[in-house]
file structure_17.cif (mmCIF, C-alpha atoms and all ligand atoms)
data_upload
loop_
_atom_site.group_PDB
_atom_site.id
_atom_site.type_symbol
_atom_site.label_atom_id
_atom_site.label_comp_id
_atom_site.auth_asym_id
_atom_site.auth_seq_id
_atom_site.Cartn_x
_atom_site.Cartn_y
_atom_site.Cartn_z
ATOM 1 C CA MET A 1 -32.405 -28.234 -149.677
ATOM 2 C CA LEU A 2 -31.027 -25.050 -151.253
ATOM 3 C CA GLN A 3 -33.522 -22.349 -152.264
ATOM 4 C CA LYS A 4 -32.474 -19.403 -154.383
ATOM 5 C CA VAL A 5 -34.149 -16.213 -153.191
ATOM 6 C CA LEU A 6 -33.802 -12.996 -155.233
ATOM 7 C CA LEU A 7 -34.188 -9.652 -153.478
ATOM 8 C CA MET A 8 -34.869 -6.939 -156.043
ATOM 9 C CA GLY A 9 -36.039 -3.341 -156.195
ATOM 10 C CA LYS A 10 -34.634 0.085 -156.854
ATOM 11 C CA SER A 11 -31.674 1.539 -155.000
ATOM 12 C CA GLY A 12 -32.591 2.700 -151.510
ATOM 13 C CA ALA A 13 -35.840 0.707 -151.402
ATOM 14 C CA GLY A 14 -34.671 -1.084 -148.254
ATOM 15 C CA LYS A 15 -33.554 -4.560 -149.402
ATOM 16 C CA THR A 16 -30.284 -4.708 -147.483
ATOM 17 C CA SER A 17 -31.956 -3.147 -144.438
ATOM 18 C CA MET A 18 -34.570 -5.867 -144.150
ATOM 19 C CA ARG A 19 -32.089 -8.642 -144.832
ATOM 20 C CA SER A 20 -29.783 -7.286 -142.117
ATOM 21 C CA ILE A 21 -32.576 -6.990 -139.551
ATOM 22 C CA ILE A 22 -34.046 -10.419 -140.172
ATOM 23 C CA PHE A 23 -30.864 -12.435 -140.707
ATOM 24 C CA ALA A 24 -27.940 -10.450 -139.287
ATOM 25 C CA ASN A 25 -29.274 -9.059 -136.012
ATOM 26 C CA TYR A 26 -29.277 -5.391 -137.008
ATOM 27 C CA LEU A 27 -31.510 -2.954 -135.178
ATOM 28 C CA ALA A 28 -33.705 -0.780 -137.416
ATOM 29 C CA ARG A 29 -31.708 2.354 -136.600
ATOM 30 C CA ASP A 30 -28.404 0.649 -137.619
ATOM 31 C CA THR A 31 -29.643 0.399 -141.220
ATOM 32 C CA MET A 32 -29.217 4.146 -141.738
ATOM 33 C CA ARG A 33 -25.477 3.492 -141.985
ATOM 34 C CA LEU A 34 -25.762 0.905 -144.784
ATOM 35 C CA GLY A 35 -24.126 1.796 -148.097
ATOM 36 C CA ALA A 36 -25.517 0.932 -151.529
ATOM 37 C CA THR A 37 -25.099 -2.700 -152.563
ATOM 38 C CA ILE A 38 -22.639 -3.113 -155.425
ATOM 39 C CA ASP A 39 -23.828 -5.666 -157.978
ATOM 40 C CA VAL A 40 -25.127 -8.771 -156.162
ATOM 41 C CA GLU A 41 -24.320 -9.738 -152.560
ATOM 42 C CA HIS A 42 -24.770 -13.434 -151.881
ATOM 43 C CA SER A 43 -25.441 -14.932 -148.496
ATOM 44 C CA HIS A 44 -26.474 -18.334 -147.221
ATOM 45 C CA VAL A 45 -28.834 -18.645 -144.305
ATOM 46 C CA ARG A 46 -29.468 -21.993 -142.681
ATOM 47 C CA PHE A 47 -33.062 -22.240 -141.645
ATOM 48 C CA LEU A 48 -34.735 -25.045 -139.708
ATOM 49 C CA GLY A 49 -31.871 -27.490 -140.105
ATOM 50 C CA ASN A 50 -31.865 -28.567 -143.711
ATOM 51 C CA LEU A 51 -33.432 -25.586 -145.484
ATOM 52 C CA VAL A 52 -30.766 -23.194 -146.771
ATOM 53 C CA LEU A 53 -31.787 -19.844 -148.205
ATOM 54 C CA ASN A 54 -29.372 -18.653 -150.850
ATOM 55 C CA LEU A 55 -30.122 -14.931 -150.742
ATOM 56 C CA TRP A 56 -29.154 -12.787 -153.717
ATOM 57 C CA ASP A 57 -29.364 -9.142 -152.667
ATOM 58 C CA CYS A 58 -29.319 -7.358 -156.039
ATOM 59 C CA GLY A 59 -28.067 -3.758 -155.800
ATOM 60 C CA GLY A 60 -30.721 -1.491 -157.296
ATOM 61 C CA GLN A 61 -28.717 1.276 -158.966
ATOM 62 C CA GLU A 62 -29.771 1.675 -162.593
ATOM 63 C CA ALA A 63 -26.523 0.469 -164.147
ATOM 64 C CA PHE A 64 -26.813 -2.802 -162.177
ATOM 65 C CA MET A 65 -30.498 -3.259 -162.978
ATOM 66 C CA GLU A 66 -29.852 -2.866 -166.717
ATOM 67 C CA ASN A 67 -27.146 -5.523 -166.442
ATOM 68 C CA TYR A 68 -29.437 -8.019 -164.699
ATOM 69 C CA PHE A 69 -31.917 -7.812 -167.562
ATOM 70 C CA GLU A 70 -29.292 -8.052 -170.273
ATOM 71 C CA SER A 71 -25.817 -9.571 -169.884
ATOM 72 C CA GLN A 72 -26.513 -11.370 -166.577
ATOM 73 C CA ARG A 73 -30.098 -12.370 -167.357
ATOM 74 C CA ASP A 74 -29.679 -16.149 -167.285
ATOM 75 C CA HIS A 75 -27.288 -16.119 -164.355
ATOM 76 C CA ILE A 76 -29.641 -14.028 -162.198
ATOM 77 C CA PHE A 77 -33.062 -15.360 -163.098
ATOM 78 C CA ARG A 78 -32.445 -19.078 -163.614
ATOM 79 C CA ASN A 79 -33.452 -21.617 -160.911
ATOM 80 C CA VAL A 80 -35.073 -19.042 -158.655
ATOM 81 C CA GLN A 81 -37.524 -20.388 -156.061
ATOM 82 C CA VAL A 82 -38.593 -17.040 -154.641
ATOM 83 C CA LEU A 83 -38.521 -13.454 -155.895
ATOM 84 C CA ILE A 84 -39.013 -10.699 -153.337
ATOM 85 C CA TYR A 85 -39.520 -7.342 -155.047
ATOM 86 C CA VAL A 86 -39.273 -4.322 -152.757
ATOM 87 C CA PHE A 87 -40.991 -0.998 -153.580
ATOM 88 C CA ASP A 88 -40.216 2.234 -151.777
ATOM 89 C CA ILE A 89 -43.626 3.822 -151.176
ATOM 90 C CA GLU A 90 -41.973 7.262 -151.128
ATOM 91 C CA SER A 91 -40.321 6.765 -154.525
ATOM 92 C CA ARG A 92 -40.846 9.653 -156.921
ATOM 93 C CA GLU A 93 -40.138 7.480 -159.964
ATOM 94 C CA LEU A 94 -43.129 5.195 -159.969
ATOM 95 C CA THR A 95 -43.203 4.770 -163.739
ATOM 96 C CA LYS A 96 -39.576 3.667 -163.794
ATOM 97 C CA ASP A 97 -40.111 1.382 -160.776
ATOM 98 C CA ILE A 98 -43.039 -0.312 -162.499
ATOM 99 C CA GLU A 99 -41.057 -0.642 -165.703
ATOM 100 C CA TYR A 100 -38.199 -2.452 -163.923
ATOM 101 C CA TYR A 101 -40.692 -4.604 -162.056
ATOM 102 C CA GLY A 102 -42.323 -5.564 -165.371
ATOM 103 C CA SER A 103 -38.911 -6.448 -166.864
ATOM 104 C CA CYS A 104 -38.121 -8.508 -163.797
ATOM 105 C CA LEU A 105 -41.396 -10.441 -164.007
ATOM 106 C CA ALA A 106 -40.862 -11.064 -167.713
ATOM 107 C CA ALA A 107 -37.385 -12.470 -166.979
ATOM 108 C CA MET A 108 -38.849 -14.651 -164.225
ATOM 109 C CA ARG A 109 -41.551 -15.955 -166.520
ATOM 110 C CA GLN A 110 -38.920 -16.936 -169.039
ATOM 111 C CA ASN A 111 -36.408 -18.512 -166.627
ATOM 112 C CA SER A 112 -38.186 -19.570 -163.415
ATOM 113 C CA LYS A 113 -41.852 -19.776 -164.198
ATOM 114 C CA SER A 114 -42.943 -21.682 -161.114
ATOM 115 C CA ALA A 115 -41.184 -19.424 -158.583
ATOM 116 C CA LYS A 116 -43.196 -17.769 -155.840
ATOM 117 C CA ILE A 117 -43.324 -13.995 -156.201
ATOM 118 C CA PHE A 118 -43.788 -11.578 -153.317
ATOM 119 C CA CYS A 119 -44.040 -7.795 -153.564
ATOM 120 C CA LEU A 120 -43.292 -5.709 -150.515
ATOM 121 C CA VAL A 121 -44.728 -2.214 -150.479
ATOM 122 C CA HIS A 122 -42.113 -0.899 -148.109
ATOM 123 C CA LYS A 123 -41.441 2.106 -145.796
ATOM 124 C CA MET A 124 -45.151 2.266 -144.950
ATOM 125 C CA ASP A 125 -44.234 4.065 -141.715
ATOM 126 C CA LEU A 126 -43.806 7.172 -143.910
ATOM 127 C CA VAL A 127 -47.505 7.096 -144.878
ATOM 128 C CA PRO A 128 -49.958 8.521 -142.308
ATOM 129 C CA ASP A 129 -51.704 5.736 -140.439
ATOM 130 C CA GLU A 130 -55.210 6.505 -141.716
ATOM 131 C CA GLN A 131 -54.100 6.403 -145.370
ATOM 132 C CA ARG A 132 -51.987 3.237 -145.213
ATOM 133 C CA GLU A 133 -54.606 0.693 -146.192
ATOM 134 C CA GLN A 134 -55.873 2.729 -149.118
ATOM 135 C CA VAL A 135 -52.378 3.580 -150.430
ATOM 136 C CA PHE A 136 -51.393 -0.080 -150.140
ATOM 137 C CA ARG A 137 -54.505 -1.401 -151.925
ATOM 138 C CA GLN A 138 -54.007 1.056 -154.776
ATOM 139 C CA ARG A 139 -50.366 -0.022 -155.238
ATOM 140 C CA GLU A 140 -51.328 -3.682 -154.915
ATOM 141 C CA ARG A 141 -53.847 -3.288 -157.773
ATOM 142 C CA GLU A 142 -51.168 -1.756 -160.015
ATOM 143 C CA LEU A 143 -48.710 -4.541 -159.256
ATOM 144 C CA GLN A 144 -51.329 -7.261 -159.742
ATOM 145 C CA ALA A 145 -52.279 -5.773 -163.109
ATOM 146 C CA VAL A 146 -48.695 -6.033 -164.402
ATOM 147 C CA ALA A 147 -48.412 -9.610 -163.116
ATOM 148 C CA SER A 148 -51.699 -10.773 -164.595
ATOM 149 C CA ARG A 149 -50.724 -9.438 -168.033
ATOM 150 C CA LEU A 150 -47.822 -11.921 -167.790
ATOM 151 C CA GLU A 151 -50.066 -14.626 -166.318
ATOM 152 C CA LEU A 152 -48.114 -14.660 -163.075
ATOM 153 C CA GLU A 153 -49.413 -14.783 -159.532
ATOM 154 C CA ILE A 154 -48.029 -12.501 -156.851
ATOM 155 C CA SER A 155 -48.668 -11.829 -153.160
ATOM 156 C CA CYS A 156 -48.311 -8.323 -151.739
ATOM 157 C CA PHE A 157 -47.468 -7.167 -148.217
ATOM 158 C CA LYS A 158 -47.134 -3.740 -146.709
ATOM 159 C CA THR A 159 -43.959 -3.501 -144.634
ATOM 160 C CA SER A 160 -41.785 -1.242 -142.519
ATOM 161 C CA ILE A 161 -38.600 -1.957 -140.609
ATOM 162 C CA TRP A 162 -40.025 0.071 -137.737
ATOM 163 C CA ASP A 163 -42.796 -2.353 -136.747
ATOM 164 C CA GLU A 164 -43.865 -5.997 -136.832
ATOM 165 C CA THR A 165 -45.079 -5.892 -140.455
ATOM 166 C CA LEU A 166 -41.562 -6.844 -141.579
ATOM 167 C CA TYR A 167 -41.749 -10.024 -139.479
ATOM 168 C CA ARG A 168 -45.206 -10.822 -140.726
ATOM 169 C CA ALA A 169 -44.170 -10.621 -144.378
ATOM 170 C CA TRP A 170 -40.941 -12.590 -143.912
ATOM 171 C CA SER A 171 -42.658 -15.244 -141.778
ATOM 172 C CA GLN A 172 -45.211 -15.836 -144.514
ATOM 173 C CA MET A 173 -42.616 -15.871 -147.260
ATOM 174 C CA VAL A 174 -40.388 -18.323 -145.422
ATOM 175 C CA HIS A 175 -43.394 -20.425 -144.456
ATOM 176 C CA ALA A 176 -44.021 -21.033 -148.148
ATOM 177 C CA LEU A 177 -40.562 -22.653 -148.363
ATOM 178 C CA ILE A 178 -40.811 -25.076 -145.443
ATOM 179 C CA PRO A 179 -40.926 -28.556 -146.986
ATOM 180 C CA ASN A 180 -42.938 -30.474 -144.369
ATOM 181 C CA ARG A 181 -45.234 -27.681 -143.196
ATOM 182 C CA ASP A 182 -48.433 -29.758 -143.231
ATOM 183 C CA SER A 183 -47.091 -32.409 -140.902
ATOM 184 C CA LEU A 184 -45.565 -29.704 -138.701
ATOM 185 C CA GLN A 185 -49.004 -28.097 -138.454
ATOM 186 C CA THR A 186 -50.640 -31.408 -137.494
ATOM 187 C CA HIS A 187 -48.078 -32.041 -134.757
ATOM 188 C CA LEU A 188 -48.415 -28.529 -133.398
ATOM 189 C CA ASP A 189 -52.223 -28.735 -133.332
ATOM 190 C CA LYS A 190 -51.867 -31.948 -131.328
ATOM 191 C CA LEU A 191 -49.423 -30.366 -128.879
ATOM 192 C CA CYS A 192 -51.776 -27.411 -128.416
ATOM 193 C CA ALA A 193 -54.676 -29.775 -127.642
ATOM 194 C CA VAL A 194 -52.616 -31.933 -125.251
ATOM 195 C CA CYS A 195 -51.438 -28.871 -123.329
ATOM 196 C CA GLN A 196 -55.000 -27.508 -123.352
ATOM 197 C CA ALA A 197 -53.305 -24.329 -124.416
ATOM 198 C CA ASP A 198 -54.949 -21.306 -126.027
ATOM 199 C CA GLU A 199 -52.159 -21.277 -128.550
ATOM 200 C CA VAL A 200 -48.741 -22.678 -129.383
ATOM 201 C CA VAL A 201 -46.357 -20.862 -131.691
ATOM 202 C CA LEU A 202 -43.040 -22.048 -133.142
ATOM 203 C CA PHE A 203 -40.369 -19.453 -133.831
ATOM 204 C CA GLU A 204 -37.185 -20.090 -135.805
ATOM 205 C CA ARG A 205 -34.263 -19.866 -133.383
ATOM 206 C CA ALA A 206 -31.954 -17.339 -135.073
ATOM 207 C CA THR A 207 -34.456 -15.031 -136.776
ATOM 208 C CA PHE A 208 -37.430 -15.486 -134.440
ATOM 209 C CA LEU A 209 -39.694 -15.599 -137.479
ATOM 210 C CA VAL A 210 -42.999 -17.385 -136.885
ATOM 211 C CA ILE A 211 -42.844 -20.777 -138.582
ATOM 212 C CA CYS A 212 -46.124 -22.290 -137.529
ATOM 213 C CA ASP A 213 -48.916 -21.647 -135.046
ATOM 214 C CA ALA A 214 -51.791 -23.595 -133.550
ATOM 215 C CA VAL A 215 -54.624 -21.535 -132.106
ATOM 216 C CA ARG A 216 -57.570 -22.867 -130.065
ATOM 217 C CA ALA A 217 -58.868 -19.605 -128.601
ATOM 218 C CA ALA A 218 -59.559 -16.664 -130.910
ATOM 219 C CA HIS A 219 -57.823 -13.381 -130.136
ATOM 220 C CA GLU A 220 -58.645 -9.911 -131.399
ATOM 221 C CA ASP A 221 -55.054 -8.926 -132.291
ATOM 222 C CA VAL A 222 -54.210 -10.928 -135.398
ATOM 223 C CA HIS A 223 -50.648 -9.544 -135.511
ATOM 224 C CA ARG A 224 -49.696 -10.557 -131.994
ATOM 225 C CA HIS A 225 -47.272 -13.333 -133.008
ATOM 226 C CA GLU A 226 -45.235 -11.029 -135.222
ATOM 227 C CA LYS A 227 -45.224 -8.397 -132.483
ATOM 228 C CA ILE A 228 -43.781 -11.010 -130.134
ATOM 229 C CA SER A 229 -41.155 -11.961 -132.768
ATOM 230 C CA ASN A 230 -40.100 -8.353 -132.938
ATOM 231 C CA ILE A 231 -40.037 -7.807 -129.154
ATOM 232 C CA ILE A 232 -38.188 -11.021 -128.287
ATOM 233 C CA LYS A 233 -35.660 -10.529 -131.083
ATOM 234 C CA GLN A 234 -34.851 -7.053 -129.707
ATOM 235 C CA PHE A 235 -34.691 -8.474 -126.189
ATOM 236 C CA LYS A 236 -32.320 -11.238 -127.347
ATOM 237 C CA LEU A 237 -30.077 -8.601 -128.900
ATOM 238 C CA SER A 238 -30.034 -6.591 -125.650
ATOM 239 C CA CYS A 239 -29.135 -9.756 -123.745
ATOM 240 C CA SER A 240 -26.210 -10.454 -126.046
ATOM 241 C CA LYS A 241 -24.835 -6.943 -125.428
ATOM 242 C CA THR A 242 -24.299 -7.930 -121.798
ATOM 243 C CA GLN A 243 -22.779 -11.289 -122.797
ATOM 244 C CA ALA A 244 -25.942 -13.045 -121.598
ATOM 245 C CA GLN A 245 -27.894 -15.524 -123.691
ATOM 246 C CA PHE A 246 -31.639 -15.573 -123.925
ATOM 247 C CA ALA A 247 -32.808 -19.012 -122.800
ATOM 248 C CA THR A 248 -36.362 -18.976 -121.526
ATOM 249 C CA MET A 249 -39.100 -16.585 -120.428
ATOM 250 C CA GLN A 250 -42.287 -17.003 -118.424
ATOM 251 C CA VAL A 251 -44.994 -14.394 -117.951
ATOM 252 C CA ARG A 252 -47.790 -15.079 -115.495
ATOM 253 C CA ASN A 253 -50.727 -12.945 -114.527
ATOM 254 C CA ALA A 254 -54.355 -13.415 -113.501
ATOM 255 C CA ARG A 255 -55.529 -14.078 -117.085
ATOM 256 C CA TYR A 256 -52.882 -16.366 -118.565
ATOM 257 C CA SER A 257 -49.436 -17.954 -118.340
ATOM 258 C CA ALA A 258 -47.033 -17.617 -121.255
ATOM 259 C CA PHE A 259 -43.967 -19.812 -121.687
ATOM 260 C CA ILE A 260 -41.256 -19.167 -124.254
ATOM 261 C CA GLU A 261 -38.800 -22.052 -124.224
ATOM 262 C CA GLY A 262 -35.923 -23.239 -126.373
ATOM 263 C CA PHE A 263 -37.589 -26.171 -128.103
ATOM 264 C CA THR A 264 -35.693 -28.027 -130.831
ATOM 265 C CA SER A 265 -32.182 -27.222 -132.042
ATOM 266 C CA THR A 266 -33.708 -24.800 -134.557
ATOM 267 C CA THR A 267 -36.819 -23.469 -132.816
ATOM 268 C CA TYR A 268 -38.322 -21.797 -129.770
ATOM 269 C CA ALA A 269 -41.861 -22.644 -128.700
ATOM 270 C CA MET A 270 -44.329 -20.287 -127.074
ATOM 271 C CA VAL A 271 -47.269 -21.791 -125.190
ATOM 272 C CA ILE A 272 -50.118 -19.649 -123.850
ATOM 273 C CA VAL A 273 -52.419 -21.181 -121.248
ATOM 274 C CA SER A 274 -55.407 -19.335 -119.750
ATOM 275 C CA ASP A 275 -56.953 -22.268 -117.866
ATOM 276 C CA ALA A 276 -55.868 -21.512 -114.286
ATOM 277 C CA SER A 277 -56.388 -25.120 -113.216
ATOM 278 C CA ILE A 278 -53.401 -26.218 -115.339
ATOM 279 C CA GLN A 279 -50.212 -26.082 -113.315
ATOM 280 C CA PRO A 280 -47.191 -24.430 -115.007
ATOM 281 C CA ALA A 281 -45.133 -27.531 -114.211
ATOM 282 C CA THR A 282 -47.570 -29.635 -116.265
ATOM 283 C CA THR A 283 -47.173 -27.370 -119.272
ATOM 284 C CA LEU A 284 -43.386 -27.485 -118.953
ATOM 285 C CA ILE A 285 -43.441 -31.296 -118.760
ATOM 286 C CA ASN A 286 -45.596 -31.463 -121.887
ATOM 287 C CA ILE A 287 -43.219 -29.169 -123.757
ATOM 288 C CA GLU A 288 -40.268 -31.282 -122.632
ATOM 289 C CA ALA A 289 -41.962 -34.553 -123.573
ATOM 290 C CA SER A 290 -42.868 -33.379 -127.083
ATOM 291 C CA ARG A 291 -39.435 -32.020 -127.968
ATOM 292 C CA ALA A 292 -38.134 -35.249 -129.479
ATOM 293 C CA HIS A 293 -41.149 -35.519 -131.842
ATOM 294 C CA PHE A 294 -40.319 -32.182 -133.408
ATOM 295 C CA GLU A 295 -36.546 -32.681 -133.833
HETATM 296 P P1 LIG B 1 -29.268 -0.692 -152.809
HETATM 297 O O1 LIG B 1 -28.277 -1.466 -152.024
HETATM 298 O O2 LIG B 1 -28.691 0.557 -153.427
HETATM 299 O O3 LIG B 1 -30.002 -1.505 -153.838
HETATM 300 O O4 LIG B 1 -30.403 -0.171 -151.752
HETATM 301 P P2 LIG B 1 -31.281 -1.050 -150.726
HETATM 302 O O5 LIG B 1 -32.589 -1.390 -151.340
HETATM 303 O O6 LIG B 1 -30.487 -2.198 -150.207
HETATM 304 O O7 LIG B 1 -31.569 0.020 -149.580
HETATM 305 P P3 LIG B 1 -31.030 0.027 -148.071
HETATM 306 O O8 LIG B 1 -31.448 -1.202 -147.354
HETATM 307 O O9 LIG B 1 -29.571 0.348 -148.103
HETATM 308 O O10 LIG B 1 -31.895 1.212 -147.417
HETATM 309 C C1 LIG B 1 -31.801 2.569 -147.777
HETATM 310 C C2 LIG B 1 -32.313 3.446 -146.649
HETATM 311 O O11 LIG B 1 -33.696 3.221 -146.414
HETATM 312 C C3 LIG B 1 -31.609 3.253 -145.318
HETATM 313 O O12 LIG B 1 -31.232 4.534 -144.835
HETATM 314 C C4 LIG B 1 -32.658 2.635 -144.404
HETATM 315 O O13 LIG B 1 -32.513 3.044 -143.057
HETATM 316 C C5 LIG B 1 -33.954 3.163 -145.023
HETATM 317 N N1 LIG B 1 -35.093 2.247 -144.771
HETATM 318 C C6 LIG B 1 -35.138 0.906 -144.990
HETATM 319 N N2 LIG B 1 -36.333 0.399 -144.636
HETATM 320 C C7 LIG B 1 -37.084 1.447 -144.186
HETATM 321 C C8 LIG B 1 -38.436 1.567 -143.677
HETATM 322 O O14 LIG B 1 -39.215 0.605 -143.537
HETATM 323 N N3 LIG B 1 -38.846 2.827 -143.333
HETATM 324 C C9 LIG B 1 -38.057 3.914 -143.453
HETATM 325 N N4 LIG B 1 -38.559 5.089 -143.072
HETATM 326 N N5 LIG B 1 -36.773 3.837 -143.910
HETATM 327 C C10 LIG B 1 -36.299 2.626 -144.275
#
call {"tool": "encode", "arguments": {"input": "structure_17.cif", "output": "structure tokens", "more": "lines below"}}
Ligand code: GTP
result
Amino acid sequence: MLQKVLLMGKSGAGKTSMRSIIFANYLARDTMRLGATIDVEHSHVRFLGNLVLNLWDCGGQEAFMENYFESQRDHIFRNVQVLIYVFDIESRELTKDIEYYGSCLAAMRQNSKSAKIFCLVHKMDLVPDEQREQVFRQRERELQAVASRLELEISCFKTSIWDETLYRAWSQMVHALIPNRDSLQTHLDKLCAVCQADEVVLFERATFLVICDAVRAAHEDVHRHEKISNIIKQFKLSCSKTQAQFATMQVRNARYSAFIEGFTSTTYAMVIVSDASIQPATTLINIEASRAHFE
């Protein structure tokens, strides 16, 4: 199943940076060397076996943007499943940004009305911590207002390449594209119950994005899965620098045992168990025995 995903936003907003970190194993600091994207860069990313993301990274310099809305309008905006519009929170040209965003939504409404639309309010690391929520909500209201005038629905996320918010946003966006996500959820809930685990999380193998989670014990940190995505992805990259391959990880302490194991050909599973009476070997056998059901 091929899904056309448009990445749009003004030049320097951070589109190529996020694409490179999520799909091409860049570290955040490597993105400072990226040049401007000329016209549209296409890439295909295989995701969970049969889902292929056809990413269109649309260079944001003005001359290109004007072209997308005029001579290339049909070519760009037709048959789109997902639009990801990236805003640079530090941009000094808000009026222009909003104008392009409005033109983009109008073109989407005309050519791909049922597409999912996500807005990323990006580079939030540049906003002081205590102001982030308020700045984000304000921008979200402005973006929602433009969308509702066109009778379109959007979802907004605040993101930065310097923390787990990037993983959170991309996990949720990709989640919306997974064809059999309800049955996946049912199976994962069952596995979590059988293992008597606190939680079980599935990560996509190459990107380490969270695909699905089953949680039986509440936890105060709601962003913990994305934090783990970010940490393990960085760890995997460090392993590959020494020609080693990340295969499996276990963390045990007095409060819990955590297992991160290669699961299916396209996923890793993480199982967290806090019941000390459950032997680690039992958990590993359960993971092993359920593998085939998820392939
Ligand atoms: P075009 O290709 O011209 O459309 O630009 P782009 O949207 O692809 O921007 P790009 O990814 O090339 O990023 C421009 C600069 O922004 C780079 O120097 C990145 O390091 C920086 N950048 C990207 N994301 C972030 C972020 O979350 N925070 C901060 N502080 N800088 C970022």
call {"tool": "closest_atom_pairs", "arguments": {"input": "structure_17.cif", "of": "chain A", "to": "ligand LIG 1 (chain B)", "cutoff": "10 Å", "atoms": "only C-alpha atoms and all ligand atoms", "output": "CSV"}}
result
residue,atom,partner,partner_atom,distance
A:Leu7,CA,B:LIG1,O5,8.7
A:Met8,CA,B:LIG1,O3,7.6
A:Gly9,CA,B:LIG1,O5,6.3
A:Lys10,CA,B:LIG1,O3,5.8
A:Ser11,CA,B:LIG1,O2,3.5
A:Gly12,CA,B:LIG1,O7,3.5
A:Ala13,CA,B:LIG1,O5,3.9
A:Gly14,CA,B:LIG1,O8,3.3
A:Lys15,CA,B:LIG1,O5,3.8
A:Thr16,CA,B:LIG1,O8,3.7
A:Ser17,CA,B:LIG1,O8,3.5
A:Met18,CA,B:LIG1,O8,6.5
A:Arg19,CA,B:LIG1,O8,7.9
A:Ser20,CA,B:LIG1,O8,8.2
A:Ile21,CA,B:LIG1,N2,9.7
A:Leu27,CA,B:LIG1,O13,10.0
A:Ala28,CA,B:LIG1,O13,6.9
A:Arg29,CA,B:LIG1,O13,6.5
A:Asp30,CA,B:LIG1,O13,7.2
A:Thr31,CA,B:LIG1,O13,4.3
A:Met32,CA,B:LIG1,O12,3.7
A:Arg33,CA,B:LIG1,O12,6.5
A:Leu34,CA,B:LIG1,O9,5.1
A:Gly35,CA,B:LIG1,O9,5.6
A:Ala36,CA,B:LIG1,O1,3.7
A:Thr37,CA,B:LIG1,O1,3.5
A:Ile38,CA,B:LIG1,O1,6.8
A:Asp39,CA,B:LIG1,O3,8.5
A:Val40,CA,B:LIG1,O1,9.0
A:Glu41,CA,B:LIG1,O1,9.2
A:Asp57,CA,B:LIG1,O6,7.5
A:Cys58,CA,B:LIG1,O3,6.3
A:Gly59,CA,B:LIG1,O3,3.6
A:Gly60,CA,B:LIG1,O3,3.5
A:Gln61,CA,B:LIG1,O2,5.6
A:Glu62,CA,B:LIG1,O2,9.3
A:Phe64,CA,B:LIG1,O3,9.0
A:Met65,CA,B:LIG1,O3,9.3
A:Tyr85,CA,B:LIG1,O5,9.9
A:Val86,CA,B:LIG1,O5,7.4
A:Phe87,CA,B:LIG1,O5,8.7
A:Asp88,CA,B:LIG1,C7,8.2
A:Ile89,CA,B:LIG1,N3,9.2
A:Glu90,CA,B:LIG1,N4,9.0
A:Val121,CA,B:LIG1,O14,9.3
A:His122,CA,B:LIG1,O14,5.6
A:Lys123,CA,B:LIG1,O14,3.5
A:Met124,CA,B:LIG1,O14,6.3
A:Asp125,CA,B:LIG1,N3,5.8
A:Leu126,CA,B:LIG1,N4,5.7
A:Val127,CA,B:LIG1,N4,9.3
A:Lys158,CA,B:LIG1,O14,9.6
A:Thr159,CA,B:LIG1,O14,6.4
A:Ser160,CA,B:LIG1,O14,3.3
A:Ile161,CA,B:LIG1,O14,3.9
A:Trp162,CA,B:LIG1,O14,5.9
A:Asp163,CA,B:LIG1,O14,8.2
A:Thr165,CA,B:LIG1,O14,9.3
A:Leu166,CA,B:LIG1,O14,8.1
call {"tool": "closest_atom_pairs", "arguments": {"input": "structure_17.cif", "of": "segment 44-123 of chain A", "to": "segment 284-295 of chain A", "cutoff": "12 Å", "atoms": "only C-alpha atoms", "output": "tab-separated table"}}
result
residue	atom	partner	partner_atom	distance
A:Leu48	CA	A:Glu295	CA	9.8
A:Gly49	CA	A:Glu295	CA	9.4
A:Asn50	CA	A:Glu295	CA	11.7
call {"tool": "resolve_selection", "arguments": {"input": "structure_17.cif", "expression": "the PyMOL selection byres (((chain A and resi 3) around 12) and not hetatm)", "output": "count of residues only"}}
result
30
call {"tool": "atom_distance", "arguments": {"input": "structure_17.cif", "atom1": "atom CA of Ala276 of chain A", "atom2": "atom CA of Arg216 of chain A"}}
result
15.9 Å
call {"tool": "closest_residue", "arguments": {"input": "structure_17.cif", "among": "A:Val146, A:Val273, A:Val135, A:Leu120", "to": "Cys104 of chain A", "atoms": "only C-alpha atoms"}}
result
A:Val146
call {"tool": "atom_distance", "arguments": {"input": "structure_17.cif", "atom1": "atom CA of Phe77 of chain A", "atom2": "atom CA of Lys96 of chain A"}}
result
20.1 Å
call {"tool": "closest_residue", "arguments": {"input": "structure_17.cif", "among": "A:Tyr68, A:Phe235, A:Phe259, A:Phe136", "to": "Leu202 of chain A", "atoms": "all atoms listed in the file"}}
result
A:Phe259
call {"tool": "atom_distance", "arguments": {"input": "structure_17.cif", "atom1": "atom CA of Val215 of chain A", "atom2": "atom CA of Ala193 of chain A"}}
result
9.4 Å
call {"tool": "resolve_selection", "arguments": {"input": "structure_17.cif", "expression": "the PyMOL selection byres (((chain A and resi 140) around 10) and not hetatm)", "output": "VMD selection string"}}
result
chain A and resid 119 to 121 134 to 139 141 to 145 154 to 158
call {"tool": "residues_around", "arguments": {"input": "structure_17.cif", "residues": "Ala214 of chain A", "least_positions_apart": "5", "cutoff": "12 Å", "atoms": "all atoms listed in the file", "output": "JSON, numbers by chain"}}
result
{"A": [182, 184, 185, 186, 187, 188, 189, 190, 191, 192, 193, 194, 195, 196, 197, 198, 199, 200, 201, 202, 225, 269, 270, 271, 272]}
call {"tool": "axis_aligned_box", "arguments": {"input": "structure_17.cif", "around": "segment 90-101 of chain A", "padding_each_side": "5 Å", "output": "lines of an AutoDock Vina configuration file"}}
result
center_x = -40.7
center_y = 2.5
center_z = -158.4
size_x = 15.0
size_y = 24.3
size_z = 24.6
